[in-house]
Each structure stands twice: as C-alpha cells, then as structure tokens.
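S.K.: Here you go, target_19.txt (compact mmCIF, C-alpha atoms (C1' of nucleotides)):
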# COMPACT_ATOMS: atom_id res chain seq x y z
CA MET A 1276 -8.24 -14.22 -16.34
CA ALA A 1277 -10.94 -12.10 -14.76
CA GLU A 1278 -9.24 -13.00 -11.51
CA ARG A 1279 -6.09 -11.26 -12.56
CA GLU A 1280 -8.01 -8.14 -13.51
CA ILE A 1281 -9.63 -8.07 -10.12
CA ARG A 1282 -6.28 -8.34 -8.44
CA ARG A 1283 -4.86 -5.56 -10.55
CA ASN A 1284 -7.76 -3.35 -9.60
CA MET A 1285 -7.60 -3.93 -5.86
CA PRO A 1286 -7.06 -0.68 -4.00
CA LEU A 1287 -3.99 -1.49 -1.92
CA PHE A 1288 -1.42 1.28 -1.88
CA GLN A 1289 -1.30 4.55 -0.01
CA ILE A 1290 -0.02 7.62 -1.75
CA GLY A 1291 3.34 7.48 -0.02
CA THR A 1292 4.06 4.06 -1.49
CA VAL A 1293 2.89 5.18 -4.92
CA MET A 1294 5.17 8.19 -4.76
CA GLN A 1295 8.15 5.94 -4.26
CA LEU A 1296 7.10 3.40 -6.86
CA THR A 1297 6.44 6.01 -9.53
CA ASP A 1298 8.83 8.75 -8.49
CA LEU A 1299 6.01 11.27 -8.78
CA THR A 1300 5.14 13.86 -6.14
CA ALA A 1301 1.87 13.76 -4.22
CA ARG A 1302 0.96 17.01 -5.93
CA GLN A 1303 1.40 15.46 -9.34
CA ILE A 1304 -0.57 12.35 -8.48
CA ARG A 1305 -3.47 14.37 -7.09
CA TYR A 1306 -3.35 16.68 -10.07
CA TYR A 1307 -3.66 13.78 -12.47
CA GLU A 1308 -6.59 12.48 -10.47
CA GLU A 1309 -8.16 15.93 -10.58
CA HIS A 1310 -7.97 15.67 -14.36
CA ASP A 1311 -9.54 12.21 -14.36
CA LEU A 1312 -6.51 10.29 -15.55
CA ILE A 1313 -6.83 8.02 -12.52
CA SER A 1314 -9.61 7.39 -10.03
CA PRO A 1315 -8.14 5.84 -6.91
CA ALA A 1316 -10.50 4.38 -4.35
CA ARG A 1317 -10.80 5.88 -0.88
CA THR A 1318 -10.69 4.60 2.65
CA GLU A 1319 -13.56 5.47 4.95
CA GLY A 1320 -11.42 8.34 6.13
CA LYS A 1321 -11.08 9.60 2.57
CA ARG A 1322 -7.47 8.57 2.06
CA ARG A 1323 -6.57 7.51 -1.45
CA LEU A 1324 -5.96 3.82 -2.15
CA PHE A 1325 -4.29 3.00 -5.45
CA SER A 1326 -4.35 -0.24 -7.44
CA LEU A 1327 -1.63 -1.79 -9.56
CA ASN A 1328 -3.51 -0.49 -12.58
CA ASP A 1329 -3.41 3.00 -11.14
CA ILE A 1330 0.34 2.67 -10.77
CA ASP A 1331 0.64 1.41 -14.33
CA THR A 1332 -1.34 4.36 -15.57
CA LEU A 1333 0.81 6.77 -13.58
CA LEU A 1334 3.95 5.25 -15.04
CA ASP A 1335 2.45 5.68 -18.50
CA ILE A 1336 1.66 9.28 -17.74
CA LYS A 1337 5.21 9.78 -16.56
CA ASP A 1338 6.47 8.20 -19.76
CA LEU A 1339 4.41 10.48 -21.93
CA ILE A 1340 5.29 13.58 -19.96
CA ASP A 1341 8.96 12.72 -20.32
CA GLN A 1342 8.30 12.56 -24.05
CA GLY A 1343 6.92 16.08 -23.93
CA VAL A 1344 3.23 15.25 -24.16
CA ASN A 1345 1.00 17.54 -22.10
CA LEU A 1346 -2.01 16.44 -20.08
CA ALA A 1347 -4.46 17.23 -22.87
CA GLY A 1348 -2.42 15.02 -25.18
CA ILE A 1349 -2.29 12.24 -22.65
CA LYS A 1350 -5.99 12.49 -22.11
CA GLY A 1351 -6.46 12.29 -25.86
CA ILE A 1352 -4.25 9.26 -26.15
CA PHE A 1353 -6.12 7.50 -23.37
CA ASN A 1354 -9.44 8.35 -24.94
CA VAL A 1355 -8.27 7.02 -28.27
CA LYS A 1356 -7.47 3.77 -26.57
CA VAL A 1357 -10.83 3.58 -24.88
CA GLN A 1358 -12.52 4.53 -28.13
CA GLN A 1359 -10.67 1.76 -29.83
CA VAL A 1360 -11.98 -0.93 -27.54
CA LEU A 1361 -15.50 0.39 -27.83
CA THR A 1362 -15.59 0.56 -31.62
CA SER A 1363 -13.39 -2.33 -32.70
CA GLU A 1364 -13.83 -5.85 -31.53
CA GLY A 1365 -10.45 -7.30 -32.56
CA LYS A 1366 -7.46 -7.32 -30.24
CA GLN A 1367 -4.96 -6.97 -33.07
CA GLU A 1368 -5.79 -3.35 -33.69
CA THR A 1369 -5.65 -2.20 -30.11
CA GLU A 1370 -2.41 -4.08 -29.76
CA LYS A 1371 -1.03 -2.16 -32.69
CA ILE A 1372 -2.14 1.18 -31.34
CA ARG A 1373 -0.71 0.29 -28.00
CA ARG A 1374 2.63 -0.18 -29.68
CA ASP A 1375 2.37 3.09 -31.57
CA ILE A 1376 2.02 5.03 -28.38
CA SER A 1377 4.98 3.71 -26.46
CA ASN A 1378 7.29 0.79 -26.64
CA GLU A 1379 6.01 -1.99 -24.45
CA ASP A 1380 9.41 -3.35 -23.60
CA LEU A 1381 10.79 0.01 -22.64
CA ARG A 1382 7.78 0.64 -20.49
CA LYS A 1383 8.11 -2.70 -18.78
CA ALA A 1384 11.79 -2.16 -18.14
CA LEU A 1385 11.13 1.24 -16.69
CA ARG A 1386 8.46 -0.12 -14.46
CA THR A 1387 10.55 -2.92 -13.02
CA GLU A 1388 13.46 -0.54 -12.66
CA LEU A 1389 11.30 1.80 -10.67
CA LEU A 1390 9.83 -1.02 -8.69
CA GLN A 1391 13.26 -2.07 -7.59
CA ALA A 1392 14.61 1.41 -6.98
CA GLY A 1393 15.53 3.05 -3.74
CA ARG A 1394 14.92 1.57 -0.35
CA PHE A 1395 12.92 -1.33 -1.70
CA ASN A 1396 15.90 -3.56 -2.08
CA ARG A 1397 16.71 -4.12 1.57
CA SER A 1398 14.33 -6.62 2.97
CA SER A 1399 14.52 -8.94 5.92
CA LEU A 1400 16.71 -11.97 5.47
CA ARG A 1401 14.27 -14.17 7.31
CA GLN A 1402 11.53 -13.34 4.88
CA GLY A 1403 13.91 -13.82 2.00
CA ASP A 1404 14.54 -17.34 3.20
CA MET A 1405 10.89 -18.08 3.80
CA SER A 1406 10.04 -17.06 0.28
CA ARG A 1407 11.64 -20.26 -0.90
CA PHE A 1408 8.87 -22.22 0.80
CA PHE A 1409 5.91 -20.09 -0.13
CA HIS A 1410 6.16 -20.00 -3.87
CA MET B 699 13.69 -15.59 -10.75
CA ALA B 700 15.58 -13.48 -8.25
CA GLU B 701 13.51 -10.65 -9.62
CA ARG B 702 10.33 -12.24 -8.40
CA GLU B 703 11.79 -12.72 -4.95
CA ILE B 704 12.75 -9.08 -4.79
CA ARG B 705 9.25 -8.07 -5.75
CA ARG B 706 7.76 -10.35 -3.15
CA ASN B 707 9.97 -8.81 -0.52
CA MET B 708 9.25 -5.19 -1.34
CA PRO B 709 7.77 -3.37 1.66
CA LEU B 710 4.60 -1.92 0.18
CA PHE B 711 1.59 -2.31 2.42
CA GLN B 712 0.50 -0.43 5.50
CA ILE B 713 -0.98 -2.30 8.39
CA GLY B 714 -4.51 -1.24 7.52
CA THR B 715 -4.30 -2.90 4.14
CA VAL B 716 -2.76 -6.01 5.65
CA MET B 717 -5.55 -6.21 8.18
CA GLN B 718 -8.09 -6.36 5.39
CA LEU B 719 -6.12 -8.77 3.27
CA THR B 720 -5.49 -11.20 6.10
CA ASP B 721 -8.51 -10.55 8.29
CA LEU B 722 -6.22 -10.23 11.29
CA THR B 723 -6.36 -7.40 13.82
CA ALA B 724 -3.55 -4.88 14.20
CA ARG B 725 -2.97 -6.30 17.67
CA GLN B 726 -2.45 -9.77 16.28
CA ILE B 727 -0.12 -8.64 13.53
CA ARG B 728 2.02 -6.66 15.96
CA TYR B 729 2.01 -9.56 18.39
CA TYR B 730 3.31 -11.93 15.74
CA GLU B 731 6.02 -9.44 14.89
CA GLU B 732 6.90 -9.18 18.57
CA HIS B 733 7.44 -12.92 18.49
CA ASP B 734 9.63 -12.73 15.39
CA LEU B 735 7.29 -14.51 13.02
CA ILE B 736 7.48 -11.54 10.66
CA SER B 737 9.84 -8.59 10.39
CA PRO B 738 8.13 -5.84 8.40
CA ALA B 739 10.21 -2.90 7.25
CA ARG B 740 9.55 0.60 8.55
CA THR B 741 9.04 4.01 7.05
CA GLU B 742 11.23 6.85 8.27
CA GLY B 743 8.41 7.68 10.65
CA LYS B 744 8.51 4.14 12.05
CA ARG B 745 5.35 2.91 10.41
CA ARG B 746 5.30 -0.73 9.42
CA LEU B 747 5.54 -1.64 5.73
CA PHE B 748 4.68 -5.21 4.83
CA SER B 749 5.72 -7.24 1.80
CA LEU B 750 3.78 -9.90 -0.09
CA ASN B 751 5.89 -12.46 1.70
CA ASP B 752 4.87 -10.98 5.03
CA ILE B 753 1.25 -11.33 4.00
CA ASP B 754 1.83 -14.92 2.93
CA THR B 755 3.41 -15.69 6.26
CA LEU B 756 0.53 -14.07 8.11
CA LEU B 757 -1.95 -16.15 6.13
CA ASP B 758 0.02 -19.24 7.04
CA ILE B 759 -0.03 -18.25 10.68
CA LYS B 760 -3.76 -17.75 10.46
CA ASP B 761 -4.10 -21.16 8.87
CA LEU B 762 -2.16 -22.85 11.62
CA ILE B 763 -3.95 -20.99 14.39
CA ASP B 764 -7.26 -22.06 12.90
CA GLN B 765 -5.93 -25.61 13.08
CA GLY B 766 -5.28 -25.12 16.78
CA VAL B 767 -1.51 -24.69 16.65
CA ASN B 768 -0.16 -22.18 19.14
CA LEU B 769 2.60 -19.65 18.50
CA ALA B 770 5.29 -21.92 19.87
CA GLY B 771 4.18 -24.61 17.49
CA ILE B 772 4.12 -22.23 14.57
CA LYS B 773 7.55 -21.00 15.45
CA GLY B 774 8.71 -24.59 15.56
CA ILE B 775 7.20 -25.39 12.20
CA PHE B 776 8.81 -22.35 10.62
CA ASN B 777 12.15 -23.30 12.12
CA VAL B 778 11.83 -26.82 10.79
CA LYS B 779 11.30 -25.39 7.36
CA VAL B 780 14.33 -23.14 7.62
CA GLN B 781 16.35 -26.01 9.02
CA GLN B 782 15.30 -28.12 6.10
CA VAL B 783 16.67 -25.77 3.48
CA LEU B 784 19.90 -25.38 5.37
CA THR B 785 20.60 -29.08 5.84
CA SER B 786 19.14 -30.72 2.76
CA GLU B 787 19.94 -29.67 -0.77
CA GLY B 788 17.06 -31.29 -2.65
CA LYS B 789 13.78 -29.54 -3.32
CA GLN B 790 11.75 -32.75 -3.17
CA GLU B 791 12.03 -33.07 0.57
CA THR B 792 11.12 -29.51 1.43
CA GLU B 793 8.26 -29.84 -0.97
CA LYS B 794 7.07 -32.88 0.89
CA ILE B 795 7.33 -31.24 4.29
CA ARG B 796 5.53 -28.22 2.95
CA ARG B 797 2.66 -30.48 2.04
CA ASP B 798 2.66 -32.16 5.43
CA ILE B 799 2.13 -28.88 7.18
CA SER B 800 -0.79 -27.57 5.21
CA ASN B 801 -2.42 -28.28 1.94
CA GLU B 802 -1.02 -26.00 -0.72
CA ASP B 803 -4.21 -25.80 -2.73
CA LEU B 804 -6.32 -25.02 0.27
CA ARG B 805 -3.89 -22.36 1.28
CA LYS B 806 -3.90 -20.84 -2.16
CA ALA B 807 -7.66 -20.83 -2.31
CA LEU B 808 -7.87 -19.21 1.05
CA ARG B 809 -5.42 -16.57 0.05
CA THR B 810 -7.19 -15.60 -3.14
CA GLU B 811 -10.48 -15.69 -1.33
CA LEU B 812 -9.13 -13.29 1.23
CA LEU B 813 -7.54 -11.16 -1.43
CA GLN B 814 -10.90 -10.69 -3.07
CA ALA B 815 -12.90 -10.26 0.09
CA GLY B 816 -14.60 -7.20 1.44
CA ARG B 817 -14.41 -3.80 -0.10
CA PHE B 818 -11.75 -4.80 -2.58
CA ASN B 819 -14.24 -5.77 -5.20
CA ARG B 820 -15.54 -2.35 -6.02
CA SER B 821 -13.07 -0.64 -8.28
CA SER B 822 -13.40 2.17 -10.74
CA LEU B 823 -14.91 1.28 -14.08
CA ARG B 824 -12.52 3.56 -15.90
CA GLN B 825 -9.54 1.73 -14.52
CA GLY B 826 -11.22 -1.54 -15.29
CA ASP B 827 -11.40 -0.53 -18.89
CA MET B 828 -7.84 0.71 -19.00
CA SER B 829 -6.57 -2.56 -17.65
CA ARG B 830 -7.32 -4.12 -20.98
CA PHE B 831 -4.57 -2.02 -22.51
CA PHE B 832 -1.96 -2.24 -19.81
CA HIS B 833 -1.56 -5.93 -19.37
C1' DA C 488 4.81 41.99 -24.95
C1' DA C 489 1.14 41.33 -21.85
C1' DA C 490 -2.16 38.20 -20.30
C1' DA C 491 -3.77 33.74 -19.62
C1' DT C 492 -3.06 28.88 -18.88
C1' DC C 493 -0.54 24.77 -17.56
C1' DA C 494 1.95 22.02 -14.35
C1' DT C 495 3.98 21.96 -10.17
C1' DG C 496 5.72 23.75 -5.55
C1' DT C 497 4.65 25.09 -1.00
C1' DA C 498 2.25 26.17 3.25
C1' DA C 499 -1.44 25.83 6.79
C1' DG C 500 -4.70 23.62 9.50
C1' DA C 501 -7.44 19.60 10.16
C1' DA C 502 -8.31 14.74 10.22
C1' DA C 503 -7.03 9.91 9.72
C1' DA C 504 -4.10 6.14 10.63
C1' DC C 505 -0.56 4.37 13.05
C1' DC C 506 2.68 4.08 17.01
C1' DT C 507 4.01 2.28 21.86
C1' DA C 508 2.85 1.12 26.40
C1' DA C 509 -0.12 -0.40 29.73
C1' DC C 510 -3.77 -2.71 31.66
C1' DA C 511 -8.00 -5.83 30.98
C1' DT C 512 -9.97 -10.24 29.75
C1' DC C 513 -10.64 -14.82 28.28
C1' DT C 514 -8.97 -19.59 27.79
C1' DG C 515 -6.51 -23.37 28.76
C1' DT C 516 -2.78 -25.41 31.76
C1' DT C 517 -0.26 -26.43 35.90
C1' DA D 1452 -6.64 -21.15 42.32
C1' DA D 1453 -2.73 -19.29 40.02
C1' DC D 1454 -0.39 -18.80 35.76
C1' DA D 1455 0.72 -18.18 30.93
C1' DG D 1456 -0.75 -17.35 26.21
C1' DA D 1457 -3.31 -14.66 23.02
C1' DT D 1458 -6.03 -10.90 22.13
C1' DG D 1459 -8.97 -6.67 23.30
C1' DT D 1460 -9.05 -1.96 24.64
C1' DT D 1461 -7.62 2.56 25.94
C1' DA D 1462 -4.69 6.64 26.08
C1' DG D 1463 -1.57 9.99 24.49
C1' DG D 1464 1.61 11.06 20.99
C1' DT D 1465 3.46 11.16 16.12
C1' DT D 1466 3.24 10.54 11.17
C1' DT D 1467 0.91 10.73 7.04
C1' DT D 1468 -2.53 12.31 4.26
C1' DC D 1469 -6.25 15.47 3.26
C1' DT D 1470 -8.13 19.95 1.13
C1' DT D 1471 -7.58 24.61 0.01
C1' DA D 1472 -5.18 28.45 -1.32
C1' DC D 1473 -1.62 30.98 -3.09
C1' DA D 1474 3.09 31.22 -5.57
C1' DT D 1475 5.96 30.38 -9.63
C1' DG D 1476 8.25 29.19 -13.93
C1' DA D 1477 7.21 27.78 -18.62
C1' DT D 1478 4.16 27.93 -22.65
C1' DT D 1479 0.54 29.53 -25.30
C1' DT D 1480 -2.72 32.86 -26.66
C1' DT D 1481 -4.22 37.38 -27.49
Will you turn the file into structure tokens for me?

M.R.:
Amino acid sequence: MAEREIRRNMPLFQIGTVMQLTDLTARQIRYYEEHDLISPARTEGKRRLFSLNDIDTLLDIKDLIDQGVNLAGIKGIFNVKVQQVLTSEGKQETEKIRRDISNEDLRKALRTELLQAGRFNRSSLRQGDMSRFFH
Amino acid sequence: MAEREIRRNMPLFQIGTVMQLTDLTARQIRYYEEHDLISPARTEGKRRLFSLNDIDTLLDIKDLIDQGVNLAGIKGIFNVKVQQVLTSEGKQETEKIRRDISNEDLRKALRTELLQAGRFNRSSLRQGDMSRFFH
DNA sequence: AAAATCATGTAAGAAAACCTAACATCTGTT
DNA sequence: AACAGATGTTAGGTTTTCTTACATGATTTT
C-alpha cells in the first residue's frame, strides 16, 4: 500500500509530457506551481519532474477551473481536504467530502480520456505484442 | 483489458528518466534500439519517448545480459516468445516458456527495486498528503 | 468608470538534455 | 593476432525547458 504511494509520487514526467496528458499549457502548469498547488521535483539542471499525483492534481485543478472555480477557491478546497485529514481520523468523512467536491467517476473518466487522447494511441506493434508476455 | 495495454504502450518517458529507472546508460538504450529490441516513439523534435512496455523490455534485457546472454541470444529469446503466441493458441504454454526464461518473481522484485531506487524516493510532502485523497 | 487583480499569452536569452555520427576501448572468439 | 560485440567518450548541432518580463482580456474592487 505504501508501495503504491511511493510509485505515485515518483518524479517521472517532463513538462512536455504533462502538457499533453493534461491539456494544460506550460504557462498554466508553472503558474499553478507558483501558487503552491503542486510542487514538482527538479532534475539537477532544474527541470521540473512531475509525478502521477502531480498529474492527478492538475487534472483536478482543470476540472475545478472548468466549473468556474478560481485559484483561491481551489486552494481553499485543497486546504479543506488537508484540514480534514489532520482533524478527523475516519476515512468515511473525507470520502464524503471528496464526493462533494467533484464526482469521482466523472473525474476518472476524464483522466483516462485524456490519457488516451492525441498521439498516444499509436504505439509500436512489436511492443504491443510483447505486452502479452510481460503482464 | 485493452485499456491497460494502451496505457502500457503510451510513450511517456524521456531517455533520462529511463536511464534512472533501468540503470542503463543512454548508449546502451540506443544500442538496443539500433538492434530492434525496442522501438520507442519520437517527439516532433525526434526525441525518444519510451512506454512502460519499453521499460519492461529493457529490464528484461538487463536481466538476460546479467545472466551472460548476448544480444543475439536475447533477440532469439524474444523471437521465440513472439513465435509462441503466433503458433500456439493456449496461454499455458507461453506461460511456461516465460518461466523458463527468467523467474517472474525475481524479475518483478528487481523492477520494483529499480523503480524505487535513487533519487526517486524524495518526493514532496504536500503531494504525499494529497495522494490520500486522489486514490 | 477607473483602477487593480487574476489568469494566461508571448517573447527573449540562457541553459539543460538529447540527438547523430564517429572514433576509442575492452572482452571474448576465431 | 585479427575480428566482432558491446559500451565509453567526444563533438557539434538541435530541441526542450528554464526564468523573467511585459502584454492582454476578464473580473473585481474602489
């Protein structure tokens, strides 16, 4: 379980990849970082490296912005969530709040849709075949 | 199910990331591509973009090289596997061959070990907290 | 309504990361 | 010894990303 969290927090993706996965501009992504909504790691050369969690957060931000929420609101929502985990011990409550903010299913659908969008569908046939052997 | 395959074939990672995940040098990775063991996609600017399947394949190559198999041998093994899926319909047999070539558990362990190695452990605390909400 | 603020676009110049091609080097084989 | 396989290294060029600064349209505040 902790293993999964580690994986989701691994800094793996350059900003170009994140742009395509989230459909956000570099300007937007950097702006959101500037306002502490994400904190991507850096290479030695100071290039940003994003994790899967970062991408999730960016997709959530995108969701909320599409719903008309401004950055202050988003920040507030995120803080509420953090607050929640700090003050309450039960998972039920946070789960409920999570649902209040945005529909989980819709979010998931949007994410996978985005993840499959654009040029990411064409991949080498050889690899496609190999994938049958390496589960 | 096809969804997972698509995800595993998405070109996402730059060579620098792959180097760290696999512990191979850029020279090695390009050499293996030159010999058709992998076929990473390219950005418009001709930079390589690797998929999870590419990384899996590279880890397998590394495995086999550590066992003393040379590229010709690896190529042969990969061809046998492809052959197998083309000629036989059952999954049992391919499964068996898979096991003959290298121990699945060992391979898995090695992969996760590599995936957690090096600088990939330090990740932002904020994100770590957020990950509890975005499963 | 004017001024300020928010969110994003755009441009410039610099630095990092990656590219190909070529040659060097080590190791094992013929 | 000569050769082939696998990898290291170097060089010059290109792509991608970086920061900083200024521009702009849309809202909000005064």

S.K.: Taking all atoms listed in the file into account, which residues of chain C are within 10 Å of chain B, as a VMD selection string?

M.R.: chain C and resid 504 to 506

S.K.: Next, write the just-selected residues to a file, as a CSV table (one decimal), in the coordinates of the input, keeping C-alpha atoms (C1' of nucleotides) as the atom set.

M.R.:
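What ended up in again_37.csv:
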chain,number,residue,atom,x,y,z
C,504,DA,C1',-4.1,6.1,10.6
C,505,DC,C1',-0.6,4.4,13.0
C,506,DC,C1',2.7,4.1,17.0

S.K.: Which neighbours of DA1457 (chain D) fall inside 10 Å, counting only C-alpha atoms (C1' of nucleotides), when residues of the same chain fewer than 4 positions from it are skipped, and could you give them as a list of chain:residue names?

M.R.: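 Once the nearby chain positions are removed, what remains is B:Arg725, B:Gln726, B:Tyr729, B:Asn768, B:Leu769, C:DC513, C:DT514.
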
S.K.: Any idea which chain D residues end up within 9 Å of chain A if we count all atoms listed in the file, as a list in words please?

M.R.: DT1467, DT1468 and DC1469 of chain D

S.K.: Would you pick out the contacts of DG500 (chain C) at 12 Å or less, using all atoms listed in the file, so that residues sharing its chain but fewer than 3 positions from it are not included, and give the list as a PyMOL selection string?

M.R.: chain D and resi 1469-1472

S.K.: Go through B:Tyr730, B:Gly771, B:Glu742, B:Met708 and flag the residue nearest DT1465 (chain D), using only C-alpha atoms (C1' of nucleotides) for the distances.

M.R.: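 Counting only C-alpha atoms (C1' of nucleotides), the residue closest to DT1465 (chain D) is B:Glu742.
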